[in-house]
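Encoded as structure tokens, the structure appears first; notes follow it.
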Amino acid sequence: MIRLAEISRCFQGVIPSMIVTADSRGIPNVTYLSQVHLIDEKHVALSCQFFNKTRRNLDENPNAWVEVYDPLTMQTYRLRLRFLHSEKSGPLFDAMSLRIQAIAAHTGMSGVFRLIAADVFEVLSVEKNEGFLAETPEMSEETSVDGLRSEMRGLQYISEQINRAGCLETLLEAVLESLDRFFGFEHTMILLQDECSGKLVTMASRGYGESGVGAEVRPGEGLIGTVAQQRKILRISGLSSELRYGRTVAREAGNMNPEVPLPGLPDAQSALVIPLTLGDRLLGVIAADDRDPLRFGEWDEAYLNIIANQIALGVDRMSDDAEVSFAERQAAAPAVVPSSAAKRVFTFYANDDCVFIDGEYLIRNVPGRILWKLLGDFQREGRTEFSNRELRLDASLGLPPIKDNLESRLILLRKRLDEKCPDVRIVPTARGRFALQVGATVELVEK
Amino acid sequence: MRRTPIDEGMSVIVGTVSPDGLPAGCRAICATSADDLKTMTVYVPMATSREVVANVATTRRLAVVGSYPPDHSTMQVKGTTTNVRLAHDSEQELLRLRLDRFADVLHLLGVPRRMVRSMSYWPAFAIDMNVEEVFEQTPGPKAGTPLR
């Protein structure tokens, strides 16, 4: 019998599988399956999302026939199955449910489009469907030992980068650059959780054109928010197929909720999203996506999970040592901003807690309040030198008393200014101190 | 407009069951009907339909599902087999054209046409059936609703 591990590509959900069952009267029923979940060499699980005919048939006749597709070669394999039991909780249920929750969250169907049970089957036989293809397809390239060695070297390199990073910004950028260089992850982003708002804020990204730094995701929202909420790894292949399925269910259910735009590539076909956690505490999320529907396999998941754990430790270390690390950026920053005759209008919207620059959104929440304080002090008193300590003592900024993430908030503010208003910069000057450099005429408006 | 298994570009699957209750199926090339789905003919490749043909020869029960991949619009028909025969040479061109239309539809979703065209389609069996039940099967809360 063919081993299930040999045909693992068939279980990535890129091409829908099909199942045939029959009731006690001998009437067959055929339906498509979005995914067959591989448990081990002797067992698979199917998702039960609706109490449908297939489910009723299995209670009357436990035999089932399933055909799965290899998405690279189109070869099909036939599985004879016997239904064993349904699981409505536990690790298997959680793993299968996460994928559905993520798609539901994206398509505005949270709570409606959900897993009812994971139906577990014994695999009685697996056969290649001989004769299905008239032509022999090209075989895919197998992973070589050299490939594995270079991935191990990549892990070693990234681990060193994290260990040596002097500041959070260096750490995040080094990780994304290394993932691209050693693992070919061309489109990646790291979001950290803002402990005040609970939202995830994009702190670094690579391979998306615009950086997207500052973009926010609520827990439970879309793929990234679902991973943050559940603290579980999500790997999806054939993303467009999954989303089409979710949209069909939403349409059939008369759902009018808007979709959550996919962060990252608008035409992503696969995604790998991993929570950054320390124990039960969520620090953020690392996400990679790609236009190749089969880009991320179990191997990638394992590697990125190791790296995610290292990032979490590094981020936590940085937040305990913020004053030293931000100052270490001094050497990289130019001493002055070239003066400019330009006029920049900053508008602070107190109700929304956000700052606009020349009518365009710049930043919100704590980093927005920090910027408003710095600009106010500059305009009223001509101050340009500030300290981390005074920010921590300023109750109007709303920093939490412990784990205030001041480091990441200042990085976010500096990056947003670099992108949207290079005339105004924040430059570290010494341990726990920084300067506001203003190279334009600044007008402040509060609404 | 509700799509049916006889429409062009549909993904068509056949389901059967043996006398001792073991289900079996296969992908069909296409289905046709000359009388608004009162009867239907479904074409299955000879290379992959041995078990299906053996089952309908004994139990005669048949289920056929057709789904349109871009939006998952799906319908299932069930009924009784009236005849199984080798598809005539005159039908080969129809089967090739319908496989091409299916390749066109999947191409819209990013699947290379050569992938679909590599599937066996000839020689084929033609299975004639009386359609007795029709069900909505588009994924969602209405899946399983009888339409006839």
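Just so we're on the same page: first chain in the structure tokens is A, next is B, and so on; residues restart at 1 for each chain, and ligands are numbered from 1 in the order they show up.
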
Compile the contact shell of A:Ala5 as a compact mmCIF listing (two decimals) with all heavy atoms, in the first residue's frame: residues with an atom at most 9 Å away, counting only C-alpha atoms, same-chain residues fewer than 6 positions apart removed.
```
# COMPACT_ATOMS: atom_id res chain seq x y z
N LEU A 38 -4.45 14.98 7.18
CA LEU A 38 -3.65 13.78 7.46
C LEU A 38 -3.29 13.74 8.94
O LEU A 38 -2.66 14.66 9.47
CB LEU A 38 -2.36 13.85 6.61
CG LEU A 38 -1.35 12.73 6.80
CD1 LEU A 38 -1.97 11.37 6.46
CD2 LEU A 38 -0.13 12.97 5.92
N ASP A 40 -2.14 10.49 10.69
CA ASP A 40 -0.95 9.63 10.72
C ASP A 40 -1.09 8.61 9.59
O ASP A 40 -1.99 8.74 8.75
CB ASP A 40 -0.78 8.95 12.10
CG ASP A 40 -2.00 8.12 12.49
OD1 ASP A 40 -2.63 7.51 11.60
OD2 ASP A 40 -2.35 8.09 13.68
N GLU A 41 -0.24 7.60 9.55
CA GLU A 41 -0.23 6.66 8.43
C GLU A 41 -1.52 5.86 8.30
O GLU A 41 -1.82 5.31 7.26
CB GLU A 41 0.95 5.70 8.56
CG GLU A 41 2.22 6.21 7.92
CD GLU A 41 2.03 6.59 6.45
OE1 GLU A 41 1.40 5.83 5.71
OE2 GLU A 41 2.50 7.68 6.06
```

For stretch 61-71 of chain A, list every protein, DNA or RNA residue within 9 Å, evaluated using only C-alpha atoms, and leave out those in the same chain fewer than 4 positions away; present the list as a PyMOL selection string. (chain A and resi 7-24+36+56-57+75-84+121+129+294) or (chain B and resi 21-26)

Those residues with N, CA, C and O atoms, as a compact mmCIF listing (two decimals), in the first residue's frame please?
```txt
# COMPACT_ATOMS: atom_id res chain seq x y z
N ILE A 7 2.33 10.85 -0.25
CA ILE A 7 1.42 11.69 -1.05
C ILE A 7 0.93 12.88 -0.21
O ILE A 7 -0.20 13.35 -0.36
N SER A 8 1.82 13.38 0.65
CA SER A 8 1.41 14.44 1.59
C SER A 8 0.94 15.71 0.88
O SER A 8 0.13 16.47 1.43
N ARG A 9 1.43 15.96 -0.34
CA ARG A 9 0.98 17.16 -1.08
C ARG A 9 -0.53 17.13 -1.30
O ARG A 9 -1.17 18.18 -1.40
N CYS A 10 -1.08 15.92 -1.39
CA CYS A 10 -2.52 15.79 -1.66
C CYS A 10 -3.36 16.34 -0.50
O CYS A 10 -4.56 16.59 -0.66
N PHE A 11 -2.74 16.48 0.67
CA PHE A 11 -3.50 16.87 1.86
C PHE A 11 -3.34 18.35 2.21
O PHE A 11 -3.66 18.77 3.31
N GLN A 12 -2.81 19.13 1.25
CA GLN A 12 -2.62 20.55 1.53
C GLN A 12 -3.82 21.39 1.13
O GLN A 12 -3.82 22.60 1.32
N GLY A 13 -4.83 20.75 0.54
CA GLY A 13 -6.07 21.47 0.28
C GLY A 13 -6.03 22.39 -0.93
O GLY A 13 -6.86 23.28 -1.06
N VAL A 14 -5.07 22.16 -1.84
CA VAL A 14 -4.98 23.04 -3.01
C VAL A 14 -6.08 22.71 -4.02
O VAL A 14 -6.73 23.60 -4.57
N ILE A 15 -6.28 21.41 -4.28
CA ILE A 15 -7.36 20.98 -5.17
C ILE A 15 -8.40 20.24 -4.33
O ILE A 15 -8.04 19.34 -3.56
N PRO A 16 -9.68 20.62 -4.45
CA PRO A 16 -10.69 19.94 -3.64
C PRO A 16 -10.71 18.44 -3.89
O PRO A 16 -10.54 17.98 -5.03
N SER A 17 -10.90 17.67 -2.84
CA SER A 17 -11.03 16.22 -2.95
C SER A 17 -12.50 15.88 -3.08
O SER A 17 -13.36 16.76 -3.02
N MET A 18 -12.80 14.61 -3.28
CA MET A 18 -14.23 14.21 -3.37
C MET A 18 -14.47 13.00 -2.49
O MET A 18 -13.56 12.19 -2.27
N ILE A 19 -15.67 12.91 -1.99
CA ILE A 19 -16.02 11.79 -1.13
C ILE A 19 -17.34 11.19 -1.61
O ILE A 19 -18.27 11.91 -1.97
N VAL A 20 -17.40 9.86 -1.61
CA VAL A 20 -18.64 9.14 -1.90
C VAL A 20 -19.01 8.33 -0.67
O VAL A 20 -18.17 7.63 -0.10
N THR A 21 -20.25 8.47 -0.25
CA THR A 21 -20.80 7.67 0.86
C THR A 21 -22.11 7.05 0.38
O THR A 21 -22.57 7.34 -0.73
N ALA A 22 -22.70 6.24 1.22
CA ALA A 22 -24.00 5.65 0.85
C ALA A 22 -24.84 5.48 2.10
O ALA A 22 -24.30 5.26 3.20
N ASP A 23 -26.15 5.60 1.96
CA ASP A 23 -27.01 5.40 3.12
C ASP A 23 -27.36 3.92 3.28
O ASP A 23 -26.90 3.07 2.50
N SER A 24 -28.19 3.61 4.27
CA SER A 24 -28.48 2.21 4.55
C SER A 24 -29.32 1.56 3.45
O SER A 24 -29.39 0.34 3.35
N VAL A 36 -8.68 17.22 3.15
CA VAL A 36 -8.55 15.97 3.92
C VAL A 36 -7.34 16.18 4.83
O VAL A 36 -6.25 16.49 4.35
N ARG A 56 -24.87 12.19 7.76
CA ARG A 56 -25.96 11.26 8.11
C ARG A 56 -25.68 9.86 7.54
O ARG A 56 -25.92 8.85 8.20
N ASN A 57 -25.14 9.85 6.32
CA ASN A 57 -24.82 8.55 5.72
C ASN A 57 -23.80 7.79 6.55
O ASN A 57 -23.90 6.56 6.72
N GLN A 75 -1.97 13.79 -10.53
CA GLN A 75 -2.25 12.37 -10.29
C GLN A 75 -3.25 12.26 -9.13
O GLN A 75 -3.19 13.04 -8.17
N THR A 76 -4.17 11.31 -9.24
CA THR A 76 -5.14 11.13 -8.16
C THR A 76 -4.88 9.81 -7.42
O THR A 76 -4.32 8.86 -7.98
N TYR A 77 -5.30 9.79 -6.17
CA TYR A 77 -5.15 8.60 -5.31
C TYR A 77 -6.49 8.34 -4.65
O TYR A 77 -7.22 9.27 -4.28
N ARG A 78 -6.81 7.05 -4.52
CA ARG A 78 -8.11 6.66 -3.97
C ARG A 78 -7.94 6.03 -2.60
O ARG A 78 -7.14 5.10 -2.43
N LEU A 79 -8.68 6.55 -1.65
CA LEU A 79 -8.59 6.07 -0.27
C LEU A 79 -9.91 5.40 0.11
O LEU A 79 -10.98 5.98 -0.09
N ARG A 80 -9.81 4.18 0.61
CA ARG A 80 -11.00 3.55 1.20
C ARG A 80 -10.94 3.81 2.70
O ARG A 80 -9.94 3.52 3.36
N LEU A 81 -12.03 4.35 3.24
CA LEU A 81 -12.04 4.78 4.64
C LEU A 81 -13.17 4.13 5.41
O LEU A 81 -14.19 3.75 4.84
N ARG A 82 -12.95 4.04 6.72
CA ARG A 82 -14.03 3.61 7.62
C ARG A 82 -14.15 4.65 8.72
O ARG A 82 -13.17 4.95 9.41
N PHE A 83 -15.35 5.23 8.86
CA PHE A 83 -15.59 6.27 9.86
C PHE A 83 -15.46 5.69 11.27
O PHE A 83 -16.03 4.63 11.58
N LEU A 84 -14.68 6.37 12.13
CA LEU A 84 -14.49 5.90 13.50
C LEU A 84 -15.27 6.72 14.51
O LEU A 84 -16.09 6.21 15.26
N PHE A 121 -11.30 9.02 10.45
CA PHE A 121 -11.49 7.79 9.68
C PHE A 121 -10.23 6.92 9.74
O PHE A 121 -9.11 7.44 9.75
N ASN A 129 -4.53 6.04 -8.71
CA ASN A 129 -5.59 5.88 -9.72
C ASN A 129 -4.93 5.72 -11.08
O ASN A 129 -4.80 6.67 -11.85
N LEU A 294 1.87 26.32 -3.16
CA LEU A 294 2.50 25.26 -2.37
C LEU A 294 3.81 25.73 -1.75
O LEU A 294 4.68 24.92 -1.45
N GLY B 21 -22.40 -2.46 0.01
CA GLY B 21 -22.37 -1.16 0.70
C GLY B 21 -21.06 -0.42 0.64
O GLY B 21 -20.85 0.52 1.41
N LEU B 22 -20.15 -0.79 -0.28
CA LEU B 22 -18.89 -0.07 -0.40
C LEU B 22 -19.01 1.00 -1.48
O LEU B 22 -19.22 0.67 -2.66
N PRO B 23 -18.86 2.27 -1.12
CA PRO B 23 -18.99 3.33 -2.12
C PRO B 23 -17.78 3.37 -3.04
O PRO B 23 -16.68 2.95 -2.66
N ALA B 24 -17.96 3.89 -4.24
CA ALA B 24 -16.86 4.11 -5.18
C ALA B 24 -17.28 5.20 -6.15
O ALA B 24 -18.48 5.38 -6.42
N GLY B 25 -16.30 5.90 -6.69
CA GLY B 25 -16.63 6.98 -7.61
C GLY B 25 -15.55 7.18 -8.64
O GLY B 25 -14.56 6.45 -8.67
N CYS B 26 -15.75 8.16 -9.49
CA CYS B 26 -14.70 8.56 -10.43
C CYS B 26 -15.08 9.91 -11.02
O CYS B 26 -16.24 10.33 -10.97
```

Would you mind writing down, as a PyMOL selection string, each residue of stretch 15-135 of chain B that DSSP on the backbone assigns to strand (DSSP E)? chain B and resi 15-17+23-28+30-32+39-45+61-68+73-86+124-135

As a PyMOL selection string, could you give me every residue of chain A near chain B (at most 8 Å apart, counting only C-alpha atoms)? chain A and resi 18+20-22+24+26-31+50+52-53+61+63-65+73-74+129-137+244-245+248-250+252-253
